[in-house]
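Chemist: Below you'll find the structure I mean.
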There are 2 protein chains.
Amino acid sequence: MARQLYDLCGRDERLRFSPFCWRVRMALAHKGLEFTTRPWHFLEKEALAFAHHDKVPVLVDGEQVVTDSFDIMRYLDDAYPQAPLFGEGASYQRARFFKHFVERSVTPVLFKIVALDLLAAIHPSDREYFRETREARFGCTLEALHQPDQGRKQLAQALAPVYAQLKESQFIDGDAPSGADYLLFGSMMWAYTVSLEPLVTAGDDVDQWFKRMLSAHDGVAGKATTVRDLA
Amino acid sequence: MARQLYDLCGRDERLRFSPFCWRVRMALAHKGLEFTTRPWHFLEKEALAFAHHDKVPVLVDGEQVVTDSFDIMRYLDDAYPQAPLFGEGASYQRARFFKHFVERSVTPVLFKIVALDLLAAIHPSDREYFRETREARFGCTLEALHQPDQGRKQLAQALAPVYAQLKESQFIDGDAPSGADYLLFGSMMWAYTVSLEPLVTAGDDVDQWFKRMLSAHDGVAGKATTVRDLA
């Protein structure tokens, strides 16, 4: 059965940095599901018309078309129950809380660290669109938003509960990565892919966790192209 | 079987505000377990010598003596498996993450809102101890720490993922309160018990959740004495 993921690409087609697409790529790897990616640019809205959606990720799984990264992960749990990403009941609810933690408390701070790196990584034809939509969202220019030193301090604060968690287990979800790990990893991988500077202190608990995540599932994320490979 | 909880009390013995004791009181109510409380002051260290511990909560459950609020909740799940608070595996791990979120990202901000209210609520003989230990922990005087307006703004930010969560479910853990709800509620109840001012905007999603928590389990928390009752 053909399984294809529409995946944001940057100025080089190999450069894949969408935090939402990375969640899904890791979730597919977690389930041991084969897939190909279809590189997509921000302005290719018509290419997603079949999905009645205008953003990636979009997963085409045989006859099924699923949009939104969290909904895709839920779909994968329903369609392929082995190795649950979220589980049911309170387990699912707490994964949903973790998604909100990542999106509300972590990702905006990462944006401060890499705003201009992200702009540079994006395909030239997408840059005007990216600047307009993000400046409207944040209410300031990308140049004003880009405050990497302040962002790194705020990131350490925002990640304080993650640092505490990783004192007692190798992964957020326990001895092996699962749904919550992929939710945070997506955002960290997004910034890691486009930035020349480290996000956290080398060797600290989050850095070590991130390296374990890069190695997980045959190193699928660790093999990905970053801006450092293109320099 | 006698079940007794050593519970911090304030200037009035009915005033009970420890965030860690409230977690456990709600957890016991969740399991439908009867208990009595033994009011305890900060300086009664010798009263806890039997538990080889110097802080409350301490739960005496027949022959069992259990310390530390999170460990007590785990103990309750082991000893009384009905209506799990945390569950196992990823569910447990995500509850543990939520505990760290509450303790690292929420409770310090609540402290800014109620630092001096808390001092006033504490038993006069405990105040010197409280001031010394907390000023050492925060590196400033309680008067400098007490910044309620700034604290309320920071609380809304810190709780952003909770607000997002409560858009989709009545409780953090789903349709009914469970472990994660009690972990956050303990800290909110701590501030609510000692403060004359609201913590969040009246009628907003967290305020409504808090009111549901006050009503839960026959309104055990809603019936508790606050400083407003003693004014």
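Order determines the names: the first chain of the structure tokens is A, the second B, and so forth; residues in each chain are numbered 1 upward, and ligands are numbered 1 upward as they are shown.
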Would you kindly return, as a list in words, each protein, DNA or RNA residue with an atom no farther than 8 Å from any atom of Phe111 of chain B, considering only C-alpha atoms and excluding same-chain residues fewer than 4 positions away?
Modeler: Thr107, Ala115, Leu145, His146 and Ala191 of chain B
Chemist: Taking 3 positions as the minimum chain separation for residues in the same chain, which residues sit within 12 Å of Ser105 of chain B when counting only C-alpha atoms? Answer as a ChimeraX atom specification.
Modeler: /A:101,105,154,156-164 /B:97-102,108-111,151,154-162,184,187
Chemist: Tell me which protein, DNA and RNA residues are within 9 Å of Ala90 of chain A, counting only C-alpha atoms, leaving out same-chain ones fewer than 3 positions away, and put them as a VMD selection string.
Modeler: (chain A and resid 87 93 to 95) or (chain B and resid 86 to 87 91 95 172 to 174 178 to 180)
Chemist: Can those selected residues be exported to a file as a compact mmCIF listing (two decimals), in the first residue's frame so that it contains C-alpha atoms?
Modeler:
```txt
# COMPACT_ATOMS: atom_id res chain seq x y z
CA GLY A 87 -2.67 5.36 24.37
CA GLN A 93 -5.09 13.29 27.82
CA ARG A 94 -1.62 13.80 29.27
CA ALA A 95 -0.05 13.44 25.80
CA PHE B 86 -1.39 7.88 37.56
CA GLY B 87 -1.60 4.48 35.85
CA SER B 91 0.54 7.31 31.49
CA ALA B 95 1.83 12.34 35.10
CA ILE B 172 -6.93 17.91 32.58
CA ASP B 173 -7.22 14.13 32.68
CA GLY B 174 -10.52 13.99 30.75
CA SER B 178 -7.54 12.36 38.20
CA GLY B 179 -3.85 12.49 39.08
CA ALA B 180 -2.82 15.46 36.92
```
Chemist: Which residues in segment 35-159 of chain B does DSSP call strand (DSSP E)? List them as an mmCIF file with N, CA and C atoms, in the first residue's frame.
Modeler:
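Final file, selection-v5.cif:
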```cif
data_model
loop_
_atom_site.group_PDB
_atom_site.id
_atom_site.type_symbol
_atom_site.label_atom_id
_atom_site.label_comp_id
_atom_site.auth_asym_id
_atom_site.auth_seq_id
_atom_site.Cartn_x
_atom_site.Cartn_y
_atom_site.Cartn_z
ATOM 1 N N THR B 36 -8.384 10.685 58.809
ATOM 2 C CA THR B 36 -8.409 11.874 59.653
ATOM 3 C C THR B 36 -7.109 12.630 59.413
ATOM 4 N N THR B 37 -7.112 13.923 59.741
ATOM 5 C CA THR B 37 -5.859 14.681 59.612
ATOM 6 C C THR B 37 -5.325 14.987 61.002
ATOM 7 N N ARG B 38 -4.026 15.096 61.071
ATOM 8 C CA ARG B 38 -3.360 15.475 62.305
ATOM 9 C C ARG B 38 -2.681 16.803 61.980
ATOM 10 N N PRO B 39 -3.208 17.924 62.502
ATOM 11 C CA PRO B 39 -2.626 19.230 62.180
ATOM 12 C C PRO B 39 -1.178 19.324 62.654
ATOM 13 N N TRP B 40 -0.335 19.921 61.864
ATOM 14 C CA TRP B 40 1.113 19.938 62.098
ATOM 15 C C TRP B 40 1.668 21.325 61.774
ATOM 16 N N VAL B 58 2.728 13.335 55.601
ATOM 17 C CA VAL B 58 3.112 11.972 55.963
ATOM 18 C C VAL B 58 1.796 11.215 56.133
ATOM 19 N N LEU B 59 1.683 10.097 55.457
ATOM 20 C CA LEU B 59 0.472 9.285 55.579
ATOM 21 C C LEU B 59 0.781 8.047 56.413
ATOM 22 N N VAL B 60 -0.030 7.850 57.447
ATOM 23 C CA VAL B 60 0.039 6.610 58.225
ATOM 24 C C VAL B 60 -1.200 5.804 57.854
ATOM 25 N N ASP B 61 -0.957 4.665 57.226
ATOM 26 C CA ASP B 61 -2.053 3.842 56.714
ATOM 27 C C ASP B 61 -1.905 2.461 57.346
ATOM 28 N N GLN B 64 1.594 0.992 57.477
ATOM 29 C CA GLN B 64 2.433 1.674 56.488
ATOM 30 C C GLN B 64 2.631 3.146 56.829
ATOM 31 N N VAL B 65 3.857 3.623 56.671
ATOM 32 C CA VAL B 65 4.159 5.046 56.820
ATOM 33 C C VAL B 65 4.768 5.505 55.494
ATOM 34 N N VAL B 66 4.140 6.477 54.857
ATOM 35 C CA VAL B 66 4.610 6.915 53.544
ATOM 36 C C VAL B 66 4.800 8.434 53.565
ATOM 37 N N THR B 67 5.943 8.883 53.021
ATOM 38 C CA THR B 67 6.251 10.324 52.967
ATOM 39 C C THR B 67 6.320 10.775 51.510
#
```
Chemist: List every residue of chain B that DSSP, applied to the backbone, labels as helix (DSSP H, G or I), and write the result as an MDAnalysis selection string.
Modeler: chainID B and resid 19:31 45:51 69:79 89:121 124:138 142:145 148:158 160:166 179:194 205:219 227:230
Chemist: Counting only C-alpha atoms, figure out which residue out of A:His41, A:Asp68, A:Lys153, A:Asp7 gets nearest to His53 of chain A.
Modeler: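 Between A:His41, A:Asp68, A:Lys153, A:Asp7, the residue approaching His53 of chain A most closely is A:Asp68.
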